[in-house]
Amino acid sequence: MANSVSIRKLSLSFGAVTVLKDLNLDIRDGEFIVLLGSSGCGKSTLLNCIAGLLEPTEGQIFIKDRNVTWEEPKDRGIGMVFQSYALYPQITVEKNLSFGLQVAKVPKPEIDKRVARAAEILQIGPLLKRRPAALSGGQRQRVAIGRALVRDVDVFLFDEPLSNLDAKLRSELRVEIKRLHQSLKNTMIYVTHDQIEALTLADRIAIMKNGVIQQLDDPIAIYNKPRNLFVAGFIGSPSMNFLRGELIETGGKTVFRTNGVDFSLDGYEANGPLAAGRQVVLGLRPEHIGIDQPEADRELHQAVVDIEEPMGADNLLWLKHAGHTMSVRIAGARRYAPGSQVRMSFDMRLASLFDAQTEDRI
Amino acid sequence: MANSVSIRKLSLSFGAVTVLKDLNLDIRDGEFIVLLGSSGCGKSTLLNCIAGLLEPTEGQIFIKDRNVTWEEPKDRGIGMVFQSYALYPQITVEKNLSFGLQVAKVPKPEIDKRVARAAEILQIGPLLKRRPAALSGGQRQRVAIGRALVRDVDVFLFDEPLSNLDAKLRSELRVEIKRLHQSLKNTMIYVTHDQIEALTLADRIAIMKNGVIQQLDDPIAIYNKPRNLFVAGFIGSPSMNFLRGELIETGGKTVFRTNGVDFSLDGYEANGPLAAGRQVVLGLRPEHIGIDQPEADRELHQAVVDIEEPMGADNLLWLKHAGHTMSVRIAGARRYAPGSQVRMSFDMRLASLFDAQTEDRI
Amino acid sequence: TDLEVTHWWTSGGEAAAVKELAKGFDATGNKWVDGAIAGSGGTARPIMISRITGGDPMGATQFNHGRQAQELVEAGLMRDLTAVAEKGKWKDIIKPASLLESCTINGKIYCAPVNIHSWQWLWLSNEAFKKAGVDVPKNWNEFVAAGPALQKAGIQPLALGGQPWQATGAFDTLIISLGGKDLYMKVFKDKDAKAAAGPEMAAIFKAANEARKLAKGTNVQDWNQATNMVVTGKAGGQIMGDWAQGEFQLAGKKAGTDYTCLPGLGLNQYLTAGGDAFYFPVLKDKAKSEAQDKLAETIVDPKVQVAFNLKKGSLPVRGDVDLSSANDCMKKGLEVLAKGNILSSTDQLLSPDTQKQKEDLFSQFFANESITPEAAQKRFADIIASAN
Amino acid sequence: MAPHSSAGRPSQLFKNLNSKIALIPMMLVALVVFLGGTVWTVVYSFTRSGLLPRLSFVGLDQYERLWAAPRWIISIQNLAIYGILSLIFSLVIGFVLAALMDQKIRFENTFRTIFLYPFALSFIVTGLVWQWILNPEFGVQSIVRSLGWSTFEFDPLYNSDIVIYGILIAGLWQGTGLVMCLMLAGLRGIDEDIWKASRVDGIPMWKTYVLIIIPMMRPVFITTLVLIASGIVKVYDLVVAQTSGGPGIASEVPAKYVYDYMFQAQNLGQGFAASTMMLVTVAIIIIPWAYLEFGGKKRG
Amino acid sequence: MANISTLNSTAAGFDAVSPQVAGPSGRKPRKVLSRRNIILYGLLIVAALYYLLPLYVMIVTSMKGMPEIRMGNIFSPPMEITFEPWAKAWASACTGLNCDGLSRGFWNSVRILVPSVLVSIAVASVSGYALANWRFKGSELFFSILIIGAFIPYQVMIYPIVIILRELGIYGTLTGLVIVHTIFGMPILTLLFRNYFTSLPEELFKAARIDGAGFWQIYFRIMLPMALPIFVVAMILQVTGIWNDFLFGVVFTRPDSYPMTVQLNNIVNSVQGVKEYNVNMAATLLTGAVPLIVYFVSGRLFVRGIAAGAVKG
Ligand SMILES: Nc1ncnc2c1ncn2[C@@H]1O[C@H](COP(=O)(O)OP(=O)(O)OP(=O)(O)O)[C@@H](O)[C@H]1O
Ligand SMILES: Nc1ncnc2c1ncn2[C@@H]1O[C@H](COP(=O)(O)OP(=O)(O)OP(=O)(O)O)[C@@H](O)[C@H]1O
Ligand SMILES: [Mg+2]
Ligand SMILES: [Mg+2]
């Protein structure tokens, strides 16, 4: 498949601060890529480089195999949606949508057609005559998307478009964006620090840290096979439980030992041989720990409930075990009072093991 | 049990706009009450009335059975924590904590003792000499809680204390607040519009809409037995699926029919007799719908996957069925491509039925 | 006792004259605290009036004698000097009597006149006329005739500062010198609007029209800057009061050889006897009140009168002083005085309000040639008609 | 159940008494000085007060005379010309400078200080310097002439027809720095994303300024307008220092008319009538605007 | 699983699959003298010259002797630098009988400036704070009157104020003058402070009230420390305004406490023979020195403060 956006050895510094370091990224045609990372890791900076709003210090950017590194934003065939909506406040929604086209001297009937189409797709027809101030947050963001839509661009860039909305609207608009992508099939690059958005929307997620892409993979792989400790800890809420310990050889088998408690590693698919004596971190996701569900082939660990957090559909337990506090997610119907004793079981096929030094998955 | 806070016929208007209407609320000693509602419903206004920062137009407020309606905030035995932390920016954390005590002319040794205790409880000892600007969001909020803590108050008021924090910190501090309540056993009134917070923290939740309390109940009851359509729709993410239809008598049984498709109501515990012909709304939570899980006693409905939203631990499916789009939550491991056919089953014991006119649960 | 005295005498000649007053007053064992405010009476008077009405008056203050302080006196804010005057026999010594009259309200004397100022002088630079190759004119008409020659030589014929009172003064001078005593009295004393609108006045306006053409391009504000143009030969002449004399003197010029002065513009030799007077606000402090009396005495003291007026270029208020040291111009003035060709000044005849309106009219008239003499005369007549 | 005692609402007057005490100076100034002084002025504008206020009413005489006085008419005209031009030019120059300063330039501090420093100087100083620079004998005119254009004429302060523009030059020199500062602060408050959005949309810079940024800066423009306008109404010192109203009465302004007639002409009634007319003009302009701007707005 | 790869090799992998496209790499050759920069800095420099011209003329003239001024043009630099005009302006220029230049007025100005600035800012900041945080019925009405008051020319108000001060018996005293400055500074300053305090988070105020702090405690211990930027703005406005004031200084005081501007006016307006432009310019610069220094020192804070307080409606 052709690449829609290619980034080659991109670096960017603000004075002495290097924000992006030698970054490479290939995005396929029609792909939905999410850039995920904590605040300040350079997501917006990368997006602004792609848009042409920032000039890279080094490297090149290709859109549709054309080197656009020094082109003006308007010539790159991109549309961009901002967290703060960035609507022009003093003109109507309609003018907001058509402004770019008017400036580009698109003929009036064509403008009208495109605005009408965008309004239909985004269901903002009744709002066209209003000013942005008279719109709700969700409506504003829809208009902002519409502004990119009317320009008929190859690549959509979203910079945390939903961060300013409340939870309910956020999930609604998430679905709409997903639907939009399914029907338009444009390339979309989407910046967020909300992992739910990343997981639900992305074809592939690029996890960034300090201006470097840590892992670029599809959501399932990122969730289940995080490449390193950072990715593992970053994705998932509540976080993956991390137990520091070492690999020990007992009875011909390699087990994980932490604070004197052993965990069988049966079922774990390691990338290579697991040498005894290695300092490692065992990662267990809260939903991959069973409670009071004795299954034939799993060992059981005794633990005490510290805190219970019922969340409606689910129930989150914080358990004390071997000197750690572990979070466990179970179905909402099952309740445990603080202080009660439970037995945990672990599905090692879904666990992750990391080297304690390099922090890479092993 | 004695009432800690009692609100009697409280009304409050700003000019022509009535924000609170004839509101009554009794909060027991040591209870953790969460006020939940969408933006602008009057939660903060109510909290400010209790704190004495706003004067009610009508009605009275009692704290510890004392009429405090016209008392100054400082005399009410309350402490308050704000969304924006509201730390005094120009003085150190320590002075922030001791400010109220100094104003109240508490002797110095006593101040030191209380500050030390609060710092210990909240683990902010090392921060005492810093200014708020040098703290992270989570630390700031801890200090803000500490400021209420040192004043040894009867009632803690929280106004969306965690809204400004990112997801990770939010869940951490949530646990801490829960722990704090378990150890202090003070009365706490907590405003939020995050339902996860409400569900995990509250002893009882008061759901507000337009200045009126819709339902006051414990979290499980609110989640499973919402009193009306508003509460049902408000709680749960994604929202409960609502199907509009009517009750039909077939084969001696009352069933629910929508767009020509019948749903057995076996297992539903109605508040009264279910008269046929009544226009109703059937509410089904996404996690209460089974997918491809044929169980003996349940009927199966055929549906098509519209959109799939993998969220790591869970997988959210949007299904097309009988002219409706329904969301269904299943475990994350199970994947369904858009377009695939699935069979749904419903657990009617966990469903809700509402009258279409009054919108109340039936 | 310290006594604060406010005045607006700040030009070189004026300041030198004030020093004489101060010296005389200090010699009585009191102390003159100088409160000069620069920028002419227009700037200074509001400040003085505010302070007097505000209840924090100075010890003594300069006003032009005439009607400027009338209301303050009527409001009882000014000290009655009748006792001092009687003691000093002012009635007998002060000449002309009209000076003391304008200090007298309801039979009581409220001010001590310092000097006599007359407006009706034409000051000419001998050097300038030499350069232009014409004789020094002997009267206004010759001056006007010499105008083109001066202009050709790159010399400003008539210097006229931009401050409104200068234009007004120049015009009033034209009335007396060209129109004569009767016209002047009819218009200003009797407020005869018909006369003001009449043909005699029309002739004056014509003359003023010529004057403004000659004055065009002066481009200075202060009167003494204009005088300085005459002193340095940049301008041919200036219509200005006798105080201009002080500037010539300060520059070391000699009357007759370096410059020429023509009282009454060399035509009708009438002078107005206006001038400055000191008023003494009512003070609560007894010691100060006594010092005020002392100052009043000092002001009319013959020695002080001579010293002051020689420096200032004005005439003394008493006829019994020895002015042998007076120069050529002053002597000419004294001659006119002796002839009794004395008129009251406009400050004495007209209210400040009317004066202000006149100033507005004439400053505009002299600055803006688009106002025809006829239009200006009509407005002048209106002002006279409503004058009080 | 809590006991049902219904203690009534305590008196509103003594609630937060300290805040009311603290506002006493402001209330006194507003009521006694501004309101009281205004009423007093208006009342005495109907009298024949000379040097001292006297309650001898003469009806509208003072106003009739006022509107018949050529000087007053010229003053009003001058104020209108000066006001409108100074508003337009201050806003335009201030905004353009601010926009230039907002281009991430080097030496921003230096430039800003240069533009702002005249604001620190008094009108006396400003007037004096510009009087000096605009003087035809040794100022700009003579310099240009000495360079060869011997017919060059630039003597605004000595030409009745354009003197008000000469005053304007000095006024702008002094005031635009502050306007620039306000505008710059406003520009800095604009969401950066708006700029990005307009670049992505391909909207040219000047169009973005004119059609998007300026409308967004409404509050800044209003603050600026209030500041400039209140300065314009008061313009006095500048005229006195530069021309004293001359040549003739060509550069007279209303505030000067008021002052001159109150003290020099010793005709308080006339001065008060002129004051009242100024107040009325201000009120006509300000009150509707203030009503629109502050009337409905409440703290959120 | 065999796809263990370090991050570097990930990058290398991308390179391998990428299309080989020719194009510029590295930094775009950027001209320092781009057309945009020429226009931008050109305009700024031209504007700067216009603003600097008068200052240049003042400085140059103040250092020339009178003969040179009479001959040369005002823009030419002094051939012979002399500081005599400065000395004269400061110490020996005459007005009336007093020949001690500006020096006499300097300390008077300071004596007027300090209490006037302090009192006016104190009163206005408290008023602004009360208006922002302790509103009551009618407080906005007073405020509106005050704002309209900002448009009243000073000259109009002189007479009523003379009467008010006379009735209070403080006409001509320093107290009276301080009050006058406070009154006329009040509208704009109160507006600034009110806007600034309104822009502070209301929660801070609420938190302090819950902590039990009263009106003054909140003002002094919470608001005051946070209001530095706006205090700087107010300070600058008042220092320049009061220092440059002539009218009130001369109307509401006595000669022995006339501020420096009165001396300046006297020096500039009392012409002894010819105008001594060099002395005038030196006097002008000396008089303007205090506010100018204040600007140069705190100009940056000024802009910050303006952004914080003035711009928000
Ligand atoms: N104009 C600038 N000058 C200097 N540093 C900058 C500039 N813009 C961004 N940075 C720095 O670059 C880093 C990356 O910023 P960027 O906005 O790309 O982060 P981000 O990942 O988008 O964060 P967020 O999630 O908060 O939006 C940050 O450390 C930021 O401080
Ligand atoms: N001072 C005020 N004047 C007028 N209306 C007000 C004022 N304060 C609040 N309101 C209105 O009262 C209503 C309730 O406000 P409140 O702040 O209590 O809502 P909330 O439930 O806390 O919302 P949020 O979740 O956004 O904080 C809103 O419609 C708001 O516009
Ligand atoms: Mg960002
Ligand atoms: Mg709220």
# chains A, B, ... in the order shown; residues from 1 in each chain; ligands from 1
call {"tool": "residues_near_ligand", "arguments": {"ligand": "ligand 2", "cutoff": "8 Å", "atoms": "only C-alpha atoms and all ligand atoms", "output": "list of chain:residue names"}}
result
B:Ser13, B:Phe14, B:Gly15, B:Val17, B:Thr18, B:Val19, B:Gly37, B:Ser38, B:Ser39, B:Gly40, B:Cys41, B:Gly42, B:Lys43, B:Ser44, B:Thr45, B:Leu46, B:Leu47, B:Asp159, B:Glu160, B:Val191, B:Thr192, B:His193, B:Asn210, B:Gly211, D:Lys298, D:Arg299, D:Gly300
call {"tool": "write_last_selection", "arguments": {"atoms": "N, CA, C and O atoms", "output": "compact mmCIF listing (two decimals), in the first residue's frame"}}
result
# COMPACT_ATOMS: atom_id res chain seq x y z
N SER B 13 -31.97 31.66 43.80
CA SER B 13 -32.10 32.23 42.45
C SER B 13 -31.02 33.29 42.26
O SER B 13 -30.67 34.01 43.18
N PHE B 14 -30.51 33.33 41.05
CA PHE B 14 -29.69 34.48 40.65
C PHE B 14 -30.59 35.34 39.80
O PHE B 14 -30.85 35.00 38.64
N GLY B 15 -31.07 36.41 40.34
CA GLY B 15 -32.00 37.23 39.56
C GLY B 15 -33.20 36.38 39.16
O GLY B 15 -33.89 35.80 40.02
N VAL B 17 -33.11 33.68 37.35
CA VAL B 17 -32.80 32.26 37.14
C VAL B 17 -32.83 31.52 38.47
O VAL B 17 -32.08 31.84 39.39
N THR B 18 -33.70 30.55 38.57
CA THR B 18 -33.74 29.73 39.77
C THR B 18 -32.81 28.55 39.59
O THR B 18 -32.97 27.75 38.67
N VAL B 19 -31.82 28.46 40.46
CA VAL B 19 -30.83 27.41 40.29
C VAL B 19 -31.14 26.21 41.18
O VAL B 19 -31.00 25.07 40.78
N GLY B 37 -24.12 15.23 38.66
CA GLY B 37 -25.07 15.83 37.71
C GLY B 37 -24.28 16.51 36.62
O GLY B 37 -23.08 16.75 36.77
N SER B 38 -24.96 16.83 35.56
CA SER B 38 -24.23 17.42 34.45
C SER B 38 -23.93 18.88 34.76
O SER B 38 -24.40 19.46 35.73
N SER B 39 -23.12 19.46 33.91
CA SER B 39 -22.66 20.82 34.14
C SER B 39 -23.85 21.79 34.23
O SER B 39 -24.78 21.72 33.44
N GLY B 40 -23.78 22.66 35.20
CA GLY B 40 -24.80 23.69 35.31
C GLY B 40 -26.06 23.26 36.04
O GLY B 40 -27.03 24.02 36.10
N CYS B 41 -26.06 22.08 36.64
CA CYS B 41 -27.29 21.61 37.28
C CYS B 41 -27.41 22.17 38.69
O CYS B 41 -28.44 21.97 39.34
N GLY B 42 -26.39 22.83 39.19
CA GLY B 42 -26.51 23.46 40.50
C GLY B 42 -25.73 22.78 41.61
O GLY B 42 -25.89 23.12 42.78
N LYS B 43 -24.87 21.86 41.25
CA LYS B 43 -24.09 21.16 42.28
C LYS B 43 -23.22 22.12 43.07
O LYS B 43 -23.26 22.15 44.30
N SER B 44 -22.43 22.89 42.34
CA SER B 44 -21.54 23.81 43.05
C SER B 44 -22.34 24.82 43.85
O SER B 44 -21.94 25.22 44.94
N THR B 45 -23.44 25.25 43.29
CA THR B 45 -24.27 26.21 43.99
C THR B 45 -24.74 25.64 45.33
O THR B 45 -24.66 26.31 46.36
N LEU B 46 -25.17 24.41 45.31
CA LEU B 46 -25.61 23.77 46.54
C LEU B 46 -24.45 23.69 47.54
O LEU B 46 -24.59 24.03 48.72
N LEU B 47 -23.31 23.27 47.04
CA LEU B 47 -22.14 23.14 47.91
C LEU B 47 -21.76 24.50 48.52
O LEU B 47 -21.46 24.61 49.70
N ASP B 159 -15.41 20.17 45.75
CA ASP B 159 -16.04 20.57 44.50
C ASP B 159 -15.18 20.11 43.32
O ASP B 159 -14.21 20.76 42.95
N GLU B 160 -15.53 19.00 42.77
CA GLU B 160 -14.79 18.41 41.64
C GLU B 160 -13.29 18.46 41.87
O GLU B 160 -12.54 18.97 41.05
N VAL B 191 -18.72 16.84 45.12
CA VAL B 191 -19.38 17.16 43.85
C VAL B 191 -18.51 16.67 42.70
O VAL B 191 -17.31 16.84 42.71
N THR B 192 -19.13 16.06 41.75
CA THR B 192 -18.37 15.62 40.59
C THR B 192 -19.32 15.48 39.42
O THR B 192 -20.54 15.46 39.59
N HIS B 193 -18.77 15.42 38.21
CA HIS B 193 -19.63 14.92 37.15
C HIS B 193 -19.02 13.69 36.51
O HIS B 193 -19.41 13.29 35.42
N ASN B 210 -31.18 20.14 36.97
CA ASN B 210 -31.86 21.44 37.08
C ASN B 210 -32.20 21.83 38.51
O ASN B 210 -33.30 22.28 38.81
N GLY B 211 -31.26 21.60 39.41
CA GLY B 211 -31.45 22.05 40.77
C GLY B 211 -32.37 21.18 41.61
O GLY B 211 -32.75 21.56 42.71
N LYS D 298 -22.49 40.02 34.26
CA LYS D 298 -22.29 39.64 35.65
C LYS D 298 -21.07 38.75 35.73
O LYS D 298 -20.68 38.10 34.77
N ARG D 299 -20.54 38.71 36.90
CA ARG D 299 -19.40 37.82 37.09
C ARG D 299 -19.87 36.37 37.05
O ARG D 299 -20.82 36.00 37.68
N GLY D 300 -19.19 35.52 36.28
CA GLY D 300 -19.62 34.14 36.10
C GLY D 300 -19.13 33.21 37.17
O GLY D 300 -18.40 33.56 38.03
call {"tool": "residues_around", "arguments": {"residues": "Thr43 (chain C)", "least_positions_apart": "2", "cutoff": "12 Å", "atoms": "only C-alpha atoms", "output": "ChimeraX atom specification"}}
result
/C:7-9,36-41,45-50,163 /D:237,240-241,244,256,259-260,263-264 /E:246-247,250-251,262,265-266,269-270
call {"tool": "residues_around", "arguments": {"residues": "region 223-240 of chain E", "least_positions_apart": "2", "cutoff": "9 Å", "atoms": "only C-alpha atoms", "output": "ChimeraX atom specification"}}
result
/B:88-91 /D:119-122 /E:113-114,116-118,120-121,125,129,181,185,188-189,192-193,196-197,200,204-205,218-221,242-245,288,290-292,294-295,298-299,301-306,308-310
call {"tool": "select_by_dssp", "arguments": {"residues": "region 226-300 of chain B", "states": "alpha helix (DSSP H)", "output": "list in words"}}
result
Leu229, Phe230, Val231, Ala232, Gly233 and Phe234 of chain B
call {"tool": "write_last_selection", "arguments": {"atoms": "all heavy atoms", "output": "PDB file, in the first residue's frame"}}
result
ATOM      1  N   LEU B 229     -35.699   7.757  33.824  1.00  0.00           N
ATOM      2  CA  LEU B 229     -34.954   7.696  32.588  1.00  0.00           C
ATOM      3  C   LEU B 229     -33.678   8.547  32.666  1.00  0.00           C
ATOM      4  O   LEU B 229     -32.618   8.163  32.171  1.00  0.00           O
ATOM      5  CB  LEU B 229     -35.847   8.204  31.449  1.00  0.00           C
ATOM      6  CG  LEU B 229     -35.652   7.588  30.073  1.00  0.00           C
ATOM      7  CD1 LEU B 229     -35.758   6.079  30.154  1.00  0.00           C
ATOM      8  CD2 LEU B 229     -36.677   8.138  29.109  1.00  0.00           C
ATOM      9  N   PHE B 230     -33.809   9.728  33.331  1.00  0.00           N
ATOM     10  CA  PHE B 230     -32.649  10.608  33.399  1.00  0.00           C
ATOM     11  C   PHE B 230     -31.499   9.939  34.136  1.00  0.00           C
ATOM     12  O   PHE B 230     -30.369   9.902  33.669  1.00  0.00           O
ATOM     13  CB  PHE B 230     -33.018  11.933  34.075  1.00  0.00           C
ATOM     14  CG  PHE B 230     -31.817  12.801  34.319  1.00  0.00           C
ATOM     15  CD1 PHE B 230     -31.273  13.539  33.272  1.00  0.00           C
ATOM     16  CD2 PHE B 230     -31.200  12.844  35.557  1.00  0.00           C
ATOM     17  CE1 PHE B 230     -30.146  14.320  33.479  1.00  0.00           C
ATOM     18  CE2 PHE B 230     -30.073  13.615  35.764  1.00  0.00           C
ATOM     19  CZ  PHE B 230     -29.550  14.361  34.723  1.00  0.00           C
ATOM     20  N   VAL B 231     -31.800   9.404  35.289  1.00  0.00           N
ATOM     21  CA  VAL B 231     -30.763   8.763  36.099  1.00  0.00           C
ATOM     22  C   VAL B 231     -30.179   7.596  35.328  1.00  0.00           C
ATOM     23  O   VAL B 231     -28.955   7.401  35.266  1.00  0.00           O
ATOM     24  CB  VAL B 231     -31.346   8.302  37.451  1.00  0.00           C
ATOM     25  CG1 VAL B 231     -30.316   7.515  38.232  1.00  0.00           C
ATOM     26  CG2 VAL B 231     -31.825   9.498  38.250  1.00  0.00           C
ATOM     27  N   ALA B 232     -31.051   6.801  34.698  1.00  0.00           N
ATOM     28  CA  ALA B 232     -30.585   5.634  33.966  1.00  0.00           C
ATOM     29  C   ALA B 232     -29.619   6.040  32.859  1.00  0.00           C
ATOM     30  O   ALA B 232     -28.574   5.430  32.660  1.00  0.00           O
ATOM     31  CB  ALA B 232     -31.782   4.895  33.371  1.00  0.00           C
ATOM     32  N   GLY B 233     -29.966   7.105  32.164  1.00  0.00           N
ATOM     33  CA  GLY B 233     -29.120   7.543  31.057  1.00  0.00           C
ATOM     34  C   GLY B 233     -27.859   8.216  31.519  1.00  0.00           C
ATOM     35  O   GLY B 233     -26.830   8.185  30.858  1.00  0.00           O
ATOM     36  N   PHE B 234     -27.950   8.822  32.691  1.00  0.00           N
ATOM     37  CA  PHE B 234     -26.812   9.598  33.153  1.00  0.00           C
ATOM     38  C   PHE B 234     -25.683   8.699  33.643  1.00  0.00           C
ATOM     39  O   PHE B 234     -24.513   8.966  33.428  1.00  0.00           O
ATOM     40  CB  PHE B 234     -27.260  10.537  34.274  1.00  0.00           C
ATOM     41  CG  PHE B 234     -26.238  11.558  34.602  1.00  0.00           C
ATOM     42  CD1 PHE B 234     -26.106  12.682  33.798  1.00  0.00           C
ATOM     43  CD2 PHE B 234     -25.375  11.388  35.663  1.00  0.00           C
ATOM     44  CE1 PHE B 234     -25.142  13.612  34.075  1.00  0.00           C
ATOM     45  CE2 PHE B 234     -24.407  12.329  35.939  1.00  0.00           C
ATOM     46  CZ  PHE B 234     -24.298  13.446  35.142  1.00  0.00           C
TER      47      PHE B 234
END
call {"tool": "atom_distance", "arguments": {"atom1": "CA of Val103 (chain A)", "atom2": "CA of Lys207 (chain D)"}}
result
9.2 Å
call {"tool": "atom_distance", "arguments": {"atom1": "CA of Pro113 (chain C)", "atom2": "CA of Gly12 (chain C)"}}
result
21.3 Å
